[in-house]
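Student: I am sharing run-v4.txt, which consists of compact mmCIF, C-alpha atoms:
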```
# COMPACT_ATOMS: atom_id res chain seq x y z
CA MET I 1 67.13 71.77 78.29
CA PRO I 2 63.98 69.94 77.17
CA SER I 3 62.39 67.30 79.39
CA GLY I 4 63.67 63.82 78.76
CA VAL I 5 66.95 64.96 77.21
CA SER I 6 69.34 62.08 76.63
CA ARG I 7 72.53 61.88 78.65
CA GLU I 8 74.54 62.31 75.46
CA ASP I 9 72.65 65.49 74.56
CA GLU I 10 72.94 66.76 78.12
CA SER I 11 76.72 66.36 77.90
CA ARG I 12 76.70 68.19 74.56
CA HIS I 13 74.71 71.09 76.04
CA PHE I 14 77.23 71.45 78.88
CA HIS I 15 80.15 71.50 76.46
CA GLU I 16 78.39 74.04 74.25
CA MET I 17 77.96 76.22 77.35
CA PHE I 18 81.70 75.94 77.98
CA GLU I 19 82.36 77.18 74.45
CA GLN I 20 80.04 80.12 75.12
CA ILE I 21 81.90 80.97 78.35
CA LYS I 22 85.28 80.95 76.64
CA LEU I 23 83.98 83.12 73.80
CA ALA I 24 82.41 85.55 76.28
CA GLU I 25 85.77 86.18 77.91
CA GLU I 26 87.47 86.53 74.54
CA VAL I 27 85.06 89.26 73.39
CA GLY I 28 85.21 91.26 76.63
CA PHE I 29 82.60 90.06 79.10
CA LYS I 30 83.93 90.58 82.62
CA THR I 31 81.84 88.32 84.86
CA LEU I 32 80.09 84.94 84.75
CA PHE I 33 77.36 84.10 87.24
CA SER I 34 75.81 80.65 87.63
CA VAL I 35 72.49 79.90 89.26
CA GLU I 36 71.83 76.91 91.50
CA HIS I 37 68.63 74.94 90.92
CA HIS I 38 67.47 71.44 91.79
CA PHE I 39 64.80 69.09 90.38
CA LEU I 40 63.79 71.54 87.61
CA GLU I 41 64.18 69.18 84.67
CA SER I 42 63.09 71.48 81.83
CA PHE I 43 64.21 74.75 83.44
CA SER I 44 67.77 74.44 84.76
CA HIS I 45 70.39 71.71 85.07
CA ALA I 46 72.80 73.87 87.10
CA SER I 47 72.51 71.82 90.27
CA ALA I 48 76.26 71.74 91.00
CA PRO I 49 77.51 75.29 90.40
CA GLU I 50 80.66 74.70 92.44
CA VAL I 51 81.73 72.18 89.78
CA LEU I 52 80.61 74.26 86.81
CA LEU I 53 82.34 77.39 88.12
CA THR I 54 85.54 75.49 88.89
CA TRP I 55 85.66 74.42 85.25
CA ALA I 56 85.02 78.02 84.19
CA ALA I 57 87.82 79.27 86.44
CA ALA I 58 90.24 76.73 84.99
CA ASN I 59 89.41 77.74 81.42
CA THR I 60 89.42 81.52 81.79
CA THR I 61 92.03 83.96 83.07
CA ARG I 62 90.36 87.35 83.58
CA MET I 63 86.62 86.81 83.96
CA ARG I 64 85.19 87.10 87.47
CA ILE I 65 83.50 83.87 88.60
CA GLY I 66 80.23 84.29 90.46
CA HIS I 67 77.71 82.26 92.43
CA GLY I 68 74.44 83.78 91.37
CA VAL I 69 73.49 82.32 93.78
CA ARG I 70 74.61 79.71 96.31
CA LEU I 71 71.51 78.44 98.11
CA LEU I 72 72.12 78.63 101.86
CA PRO I 73 69.07 77.07 103.54
CA TYR I 74 70.04 73.62 104.79
CA PRO I 75 70.09 70.88 103.51
CA TYR I 76 70.75 72.53 100.13
CA ASN I 77 74.23 73.32 101.39
CA HIS I 78 75.73 73.18 104.87
CA PRO I 79 77.44 76.53 105.59
CA ILE I 80 80.78 74.94 106.45
CA ARG I 81 80.82 72.98 103.19
CA ALA I 82 79.74 76.09 101.28
CA ALA I 83 82.57 78.04 102.93
CA GLU I 84 85.14 75.37 102.08
CA GLN I 85 84.03 75.02 98.47
CA ALA I 86 83.88 78.77 97.84
CA ALA I 87 87.28 79.35 99.45
CA THR I 88 88.80 76.61 97.29
CA LEU I 89 87.27 78.16 94.18
CA ASP I 90 88.65 81.57 95.12
CA LEU I 91 92.13 80.08 95.48
CA LEU I 92 91.94 78.14 92.21
CA SER I 93 90.67 81.21 90.33
CA GLN I 94 93.39 83.40 91.88
CA GLY I 95 90.92 85.63 93.67
CA ARG I 96 88.18 85.99 91.06
CA LEU I 97 85.20 84.73 93.09
CA GLU I 98 82.00 86.76 93.56
CA PHE I 99 79.92 85.13 96.32
CA GLY I 100 76.20 85.61 95.82
CA THR I 101 73.73 83.86 98.10
CA GLY I 102 70.00 83.27 98.26
CA ARG I 103 67.28 81.03 99.63
CA SER I 104 65.27 79.57 96.70
CA ALA I 105 61.64 80.12 95.77
CA THR I 106 60.03 77.05 94.19
CA LEU I 107 58.03 74.16 95.60
CA PRO I 108 59.91 71.41 93.71
CA GLU I 109 63.19 72.57 95.25
CA LEU I 110 62.14 73.48 98.79
CA GLY I 111 59.81 70.50 99.03
CA GLY I 112 62.39 68.19 97.48
CA PHE I 113 64.83 69.00 100.28
CA GLY I 114 62.18 69.17 103.02
CA ILE I 115 62.78 72.86 103.74
CA ASN I 116 60.08 74.93 105.45
CA PRO I 117 59.51 78.11 103.37
CA ALA I 118 58.76 80.04 106.56
CA GLU I 119 62.32 79.46 107.80
CA THR I 120 64.39 80.17 104.70
CA ARG I 121 65.17 83.84 105.34
CA GLU I 122 66.34 83.27 108.92
CA MET I 123 68.28 80.18 107.87
CA TRP I 124 69.92 82.01 104.95
CA ARG I 125 71.12 84.80 107.23
CA GLU I 126 72.49 82.51 109.94
CA SER I 127 74.24 80.38 107.33
CA LEU I 128 75.90 83.44 105.79
CA GLU I 129 77.00 84.64 109.23
CA LEU I 130 78.59 81.25 109.90
CA ILE I 131 80.38 81.25 106.53
CA LEU I 132 81.84 84.66 107.27
CA LYS I 133 82.99 83.52 110.72
CA ALA I 134 84.69 80.52 109.13
CA TRP I 135 86.50 82.67 106.58
CA GLN I 136 87.66 85.42 108.92
CA ASN I 137 88.53 83.72 112.19
CA PRO I 138 91.39 81.34 113.03
CA VAL I 139 88.87 79.12 114.79
CA VAL I 140 85.17 79.01 113.91
CA GLU I 141 82.61 78.35 116.63
CA HIS I 142 78.88 78.89 116.43
CA GLU I 143 75.75 78.31 118.50
CA GLY I 144 72.60 79.37 116.68
CA LYS I 145 69.00 78.47 115.99
CA TYR I 146 69.75 76.30 112.96
CA PHE I 147 73.46 75.52 113.16
CA LYS I 148 75.88 74.45 115.86
CA GLN I 149 79.59 74.32 115.16
CA ALA I 150 82.19 73.02 117.61
CA PRO I 151 85.49 74.97 117.61
CA ARG I 152 87.42 74.05 114.49
CA THR I 153 89.88 75.60 112.06
CA LEU I 154 88.40 75.92 108.59
CA VAL I 155 90.77 75.33 105.70
CA PRO I 156 91.30 76.66 103.17
CA LYS I 157 90.54 80.35 103.53
CA PRO I 158 89.71 82.52 100.48
CA LEU I 159 92.50 84.36 98.71
CA GLN I 160 90.58 87.64 98.70
CA GLN I 161 90.74 89.49 102.00
CA PRO I 162 88.81 89.98 104.15
CA HIS I 163 86.55 87.84 101.92
CA PRO I 164 85.18 87.70 98.34
CA PRO I 165 82.58 90.33 97.39
CA LEU I 166 79.19 89.41 98.85
CA TRP I 167 75.91 89.57 96.93
CA MET I 168 72.26 88.79 97.68
CA SER I 169 69.58 87.55 95.30
CA CYS I 170 66.53 89.84 95.38
CA THR I 171 63.11 89.66 93.74
CA SER I 172 60.68 91.62 95.94
CA PRO I 173 60.97 95.33 96.82
CA GLU I 174 61.47 94.28 100.46
CA SER I 175 64.47 92.09 99.65
CA HIS I 176 66.15 94.96 97.77
CA GLU I 177 66.06 96.97 100.99
CA ILE I 178 67.30 94.01 103.07
CA ALA I 179 70.33 93.72 100.79
CA GLY I 180 71.05 97.40 101.32
CA ALA I 181 70.64 97.15 105.10
CA LEU I 182 73.17 94.29 105.24
CA GLY I 183 75.67 95.94 102.91
CA LEU I 184 75.33 93.24 100.28
CA GLY I 185 75.71 93.69 96.55
CA LEU I 186 72.37 93.59 94.77
CA LEU I 187 71.57 90.73 92.39
CA SER I 188 68.16 91.92 91.20
CA PHE I 189 66.45 88.95 89.60
CA THR I 190 63.42 90.88 88.46
CA LEU I 191 60.73 89.33 86.27
CA ALA I 192 58.41 91.32 84.00
CA LEU I 193 59.37 94.74 85.36
CA ASP I 194 59.89 97.84 83.25
CA VAL I 195 62.92 100.07 83.67
CA GLN I 196 60.98 102.59 85.77
CA GLU I 197 60.07 99.98 88.38
CA VAL I 198 63.62 98.64 88.40
CA ALA I 199 64.78 102.26 88.95
CA SER I 200 62.50 102.53 91.98
CA ARG I 201 63.99 99.40 93.52
CA ILE I 202 67.55 100.48 92.79
CA ALA I 203 66.83 103.83 94.45
CA LYS I 204 65.49 102.11 97.59
CA TYR I 205 68.58 99.92 97.71
CA ARG I 206 70.89 102.92 97.28
CA GLU I 207 69.14 104.85 100.03
CA ARG I 208 69.17 101.92 102.45
CA ILE I 209 72.83 101.02 101.96
CA LYS I 210 73.82 104.52 103.09
CA THR I 211 73.04 103.43 106.67
CA ALA I 212 73.99 99.77 106.29
CA ASP I 213 75.25 97.61 109.12
CA PRO I 214 77.30 95.26 106.90
CA ILE I 215 77.00 91.58 107.63
CA GLY I 216 80.49 91.15 106.18
CA ALA I 217 83.72 92.93 107.01
CA VAL I 218 83.10 95.40 104.17
CA ALA I 219 80.05 96.51 102.24
CA ASN I 220 79.56 95.81 98.55
CA ASP I 221 77.43 98.58 97.01
CA GLN I 222 77.38 97.22 93.45
CA THR I 223 74.07 96.63 91.68
CA ALA I 224 73.43 93.98 89.03
CA VAL I 225 70.14 93.40 87.22
CA PHE I 226 69.03 90.27 85.39
CA VAL I 227 67.67 90.84 81.87
CA MET I 228 66.80 88.51 79.02
CA ALA I 229 68.96 89.40 76.03
CA HIS I 230 69.77 88.55 72.45
CA CYS I 231 71.64 90.53 69.80
CA ALA I 232 71.49 89.93 66.04
CA GLU I 233 72.27 91.89 62.87
CA THR I 234 68.71 93.25 62.65
CA ASN I 235 65.88 93.84 65.11
CA GLU I 236 63.70 91.48 63.11
CA LEU I 237 66.22 88.64 63.24
CA ALA I 238 66.86 89.13 66.97
CA ARG I 239 63.15 89.05 67.67
CA GLU I 240 62.63 85.97 65.49
CA ARG I 241 65.41 84.06 67.26
CA ALA I 242 64.62 85.08 70.83
CA ARG I 243 60.84 85.33 70.95
CA ALA I 244 59.94 81.70 71.67
CA GLY I 245 62.72 81.25 74.22
CA VAL I 246 61.89 84.46 76.07
CA MET I 247 58.24 83.56 76.42
CA GLN I 248 58.98 79.95 77.43
CA TYR I 249 61.30 81.19 80.17
CA GLN I 250 58.74 83.73 81.42
CA HIS I 251 56.00 81.10 81.49
CA ASP I 252 58.18 78.48 83.22
CA GLN I 253 59.44 80.94 85.84
CA ILE I 254 55.97 82.24 86.68
CA GLU I 255 54.56 78.73 87.02
CA LEU I 256 57.43 77.72 89.31
CA LEU I 257 56.98 80.77 91.54
CA VAL I 258 53.21 80.38 91.95
CA SER I 259 53.68 76.66 92.72
CA LEU I 260 54.89 77.68 96.17
CA ILE I 261 51.88 79.81 97.09
CA PRO I 262 49.54 77.02 98.34
CA GLU I 263 52.23 76.03 100.86
CA LEU I 264 52.60 79.52 102.36
CA LYS I 265 51.20 80.77 105.64
CA ASP I 266 49.92 84.31 106.27
CA ASN I 267 52.51 87.10 106.17
CA SER I 268 55.04 84.90 104.43
CA SER I 269 58.28 86.39 103.14
CA TYR I 270 57.24 84.99 99.75
CA ASP I 271 53.92 86.88 99.55
CA TYR I 272 55.32 88.96 96.71
CA TYR I 273 54.75 86.04 94.33
CA GLN I 274 50.98 86.50 94.63
CA ARG I 275 51.35 89.11 91.88
CA PHE I 276 51.98 86.33 89.36
CA VAL I 277 48.78 84.39 90.11
CA GLY I 278 46.36 84.41 87.21
CA VAL I 279 48.65 85.97 84.64
CA ASP I 280 46.70 86.52 81.41
CA TYR I 281 49.02 85.11 78.76
CA ASP I 282 46.81 86.57 76.02
CA LYS I 283 47.97 90.00 77.19
CA PHE I 284 51.35 89.03 78.64
CA THR I 285 52.94 88.56 75.22
CA TYR I 286 56.35 89.12 73.70
CA ASP I 287 55.03 92.33 72.13
CA TYR I 288 54.05 93.53 75.61
CA LEU I 289 57.53 92.76 77.00
CA GLU I 290 59.22 94.43 74.04
CA ASN I 291 57.04 97.55 74.11
CA LYS I 292 57.64 97.93 77.85
CA GLU I 293 61.39 97.44 77.23
CA MET I 294 61.50 94.49 79.64
CA VAL I 295 63.83 92.52 77.36
CA LEU I 296 67.15 93.54 75.83
CA VAL I 297 66.65 92.10 72.36
CA GLY I 298 67.54 93.71 69.07
CA ASP I 299 70.30 94.85 66.78
CA PRO I 300 73.44 96.37 68.33
CA GLU I 301 72.06 99.91 68.19
CA ARG I 302 68.88 98.93 70.03
CA CYS I 303 70.79 96.85 72.59
CA VAL I 304 73.10 99.78 73.37
CA LYS I 305 70.11 102.11 73.72
CA LEU I 306 68.31 99.77 76.11
CA ALA I 307 71.44 99.03 78.16
CA LYS I 308 72.11 102.77 78.51
CA LYS I 309 68.73 103.15 80.20
CA TYR I 310 69.84 100.72 82.91
CA GLU I 311 73.12 102.57 83.27
CA GLU I 312 71.20 105.85 83.72
CA ILE I 313 69.20 104.47 86.67
CA GLY I 314 72.32 103.38 88.53
CA VAL I 315 72.80 99.76 87.45
CA ASP I 316 76.48 98.79 87.57
CA ARG I 317 76.19 95.42 85.82
CA LEU I 318 73.67 93.73 83.56
CA LEU I 319 73.27 89.98 83.98
CA LEU I 320 72.50 88.94 80.42
CA PHE I 321 70.52 85.72 80.06
CA VAL I 322 71.39 84.43 76.58
CA GLN I 323 70.86 80.63 76.69
CA TYR I 324 67.27 79.92 75.67
CA LYS I 325 65.56 76.57 75.49
CA ASP I 326 65.68 75.23 71.92
CA MET I 327 67.87 78.11 70.66
CA PRO I 328 70.65 76.66 68.46
CA HIS I 329 74.12 76.92 69.94
CA GLU I 330 75.27 78.86 66.86
CA HIS I 331 72.69 81.58 67.48
CA THR I 332 73.82 81.99 71.08
CA MET I 333 77.44 82.21 69.94
CA ASP I 334 76.48 84.78 67.29
CA ALA I 335 74.78 86.90 69.95
CA ILE I 336 77.73 86.74 72.35
CA ARG I 337 80.12 87.67 69.54
CA LEU I 338 77.96 90.62 68.44
CA PHE I 339 77.51 91.87 72.00
CA GLY I 340 81.29 91.87 72.36
CA LYS I 341 81.98 93.56 69.03
CA GLU I 342 79.22 96.16 68.87
CA VAL I 343 77.64 96.63 72.33
CA LEU I 344 80.27 96.30 75.05
CA PRO I 345 82.56 98.99 73.53
CA ALA I 346 79.80 101.55 74.14
CA PHE I 347 80.34 101.05 77.89
CA GLY I 348 84.09 101.50 78.15
```
So that I can check it, write out the structure of this file as structure tokens.
Tutor:
Amino acid sequence: MPSGVSREDESRHFHEMFEQIKLAEEVGFKTLFSVEHHFLESFSHASAPEVLLTWAAANTTRMRIGHGVRLLPYPYNHPIRAAEQAATLDLLSQGRLEFGTGRSATLPELGGFGINPAETREMWRESLELILKAWQNPVVEHEGKYFKQAPRTLVPKPLQQPHPPLWMSCTSPESHEIAGALGLGLLSFTLALDVQEVASRIAKYRERIKTADPIGAVANDQTAVFVMAHCAETNELARERARAGVMQYQHDQIELLVSLIPELKDNSSYDYYQRFVGVDYDKFTYDYLENKEMVLVGDPERCVKLAKKYEEIGVDRLLLFVQYKDMPHEHTMDAIRLFGKEVLPAFG
């Protein structure tokens, strides 16, 4: 949404999103994932995904409902509250929850909640361990570095047993291997990577999960990759509609990631974001992204061709980003409808 959006327009945007979700299920999409972001006025207003996903669960019947992701460093979310909310959502959705988790990567968010970037990875892991204890044990008790929990019975428990499928948000090559080591499904939120580099990261994940010591009761070896997408009747129309939104998203995301760098200490777990410093936007253009096949934009034939390349490298699910800043609601609906009619059938 644009900065300074009125409350009336913000409400309209949410209700348009709900229309898009209902249409997506109607045309055959199988899963919805929602991000969680805070204080990012012109980037994302999904600050309460537990509410948004509850609405989605109540207005769909088949679509899987996913946190993509729940932020676990405290005080974003206390692990006990996250466990309670997710379990309730799993019950309300009749066992359709996919539970992805992550730690966040921008200065406005981490700084806004007073979270030390150096502690997020440890805090994320301990929080997830506590959530799993709460879901799987009659009584949850915990004594850790960041959390202490007196013996209590957590209610409710999730419908899915032993727990909903677990996923981890990954951006760096290192995090892809961490997800594999912990037996977590891979939510690969890659930015400006061609298919060959994505293939390399998928391969590292696949190799590492072979010897995983799952953090949960069972491993989830599914892979999902984020890709910016738009489908229209012709390649020219798809490009015309998506170009500005794709580049605005790329620019906003890069600026948010590099905002954290001045706050980092040596050997930080966020060092990967150094690669985005000094991006030359004269060269980093839409044409560059399109030529490198970093976006899934085009007519149905082109979209099928590009999606097949991800399938060939071992990607199980594509996370299609289709809601662009300033794109008319009708164009987003057209794209969802065309994906369902002409693209999804090519994948069974």
Student: Quick one, how far is CA of Pro75 in chain I from CA of Ser104 in chain I?
Tutor: 12.0 Å
Student: Quick one: everything within 9 Å of range 277-283 of chain I, counting only C-alpha atoms, minus sequence neighbours fewer than 6 positions away in the same chain. Send it as a PDB file with C-alpha atoms, in the coordinates of the input.
Tutor:
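Heads up, here's the output in selection26.pdb:
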```
ATOM      1  CA  HIS I 251      56.000  81.100  81.490  1.00  0.00           C
ATOM      2  CA  ILE I 254      55.970  82.240  86.680  1.00  0.00           C
ATOM      3  CA  GLU I 255      54.560  78.730  87.020  1.00  0.00           C
ATOM      4  CA  VAL I 258      53.210  80.380  91.950  1.00  0.00           C
ATOM      5  CA  ILE I 261      51.880  79.810  97.090  1.00  0.00           C
TER       6      ILE I 261
END
```
Student: Give the answer as one residue: which of I:Pro345, I:Arg239, I:Val35, I:Val225 has the shortest atom-to-atom distance to Val195 in chain I, using all atoms listed in the file?
Tutor: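 Of the candidates, the smallest distance to Val195 in chain I is held by I:Val225.
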Student: Under the rule that only C-alpha atoms are counted, which of I:Leu191, I:Lys22, I:Ala83, I:Gly185 is the nearest residue to Val140 in chain I?
Tutor: I:Ala83
Student: I:Gln248, I:Gln161, I:Ser169, I:Gln136: which is nearest Gly68 in chain I, counting all atoms listed in the file?
Tutor: I:Ser169
Student: Name the residues in contact with Gly314 in chain I at a cut-off of 8 Å, using only C-alpha atoms, excluding same-chain residues fewer than 5 positions from it; report them as a list of chain:residue names.
Tutor: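 Result of the neighbour search: I:Ala199, I:Ile202, I:Thr223.
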Student: For His163 in chain I, which of I:Phe99, I:Gly112, I:Lys210, I:Glu119 is the closest residue, counting only C-alpha atoms?
Tutor: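 Checking each of I:Phe99, I:Gly112, I:Lys210, I:Glu119 against His163 in chain I, counting only C-alpha atoms, the winner is I:Phe99.
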Student: Select, from I:Pro214, I:Gly144, I:Pro151, I:Gly100, the residue with the minimum atom-to-atom distance to Pro165 in chain I, counting only C-alpha atoms.
Tutor: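 Checking each candidate against Pro165 in chain I, we get I:Gly100 as the closest.
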Student: Quick one: everything within 7 Å of Gly66 in chain I, counting only C-alpha atoms, minus sequence neighbours fewer than 3 positions away in the same chain. Send it as a short mmCIF file (atom, residue, chain, number, x, y, z; two decimals) with C-alpha atoms, in the frame of the given file.
Tutor:
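That gives us out37.cif:
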```cif
data_model
loop_
_atom_site.label_atom_id
_atom_site.label_comp_id
_atom_site.auth_asym_id
_atom_site.auth_seq_id
_atom_site.Cartn_x
_atom_site.Cartn_y
_atom_site.Cartn_z
CA LEU I 32 80.09 84.94 84.75
CA PHE I 33 77.36 84.10 87.24
CA SER I 34 75.81 80.65 87.63
CA LEU I 97 85.20 84.73 93.09
CA GLU I 98 82.00 86.76 93.56
CA PHE I 99 79.92 85.13 96.32
CA GLY I 100 76.20 85.61 95.82
#
```
Student: Could you tell me which of I:Leu72, I:Ala179, I:Leu256, I:Cys231 comes closest to Glu129 in chain I if we count only C-alpha atoms?
Tutor: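 That would be I:Leu72, the residue with the smallest distance to Glu129 in chain I.
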Student: List the spatial neighbours of Pro173 in chain I as a list in words - criterion: any atom at most 12 Å away, only C-alpha atoms, same-chain residues fewer than 5 positions off excluded.
Tutor: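 These residues fall inside the cut-off: Ile178, Ala179, Gly180, Leu186, Ser188, Phe189, Thr190, Leu193, Glu197, Val198, Ala199, Ser200, Arg201, Ile202, Ala203, Lys204, Tyr205, Arg208, Ser269, Tyr270, Asp271, Tyr272 and Tyr273 of chain I.
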Student: Grab the CA of Lys148 in chain I to CA of Pro49 in chain I distance for me, in Å with one decimal place.
Tutor: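 Pair CA of Lys148 in chain I / CA of Pro49 in chain I returns 25.5 Å.
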Student: With a distance cut-off of 8 Å and all atoms listed in the file, select the neighbouring residues of Thr31 in chain I, excluding the residue or stretch itself and same-chain residues fewer than 6 positions from it, and output the selection as a PyMOL selection string.
Tutor: chain I and resi 63-66
Student: So how many Å separate CA of Lys308 in chain I and CA of Phe347 in chain I, to one decimal?
Tutor: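 Distance between the two atoms: 8.4 Å.
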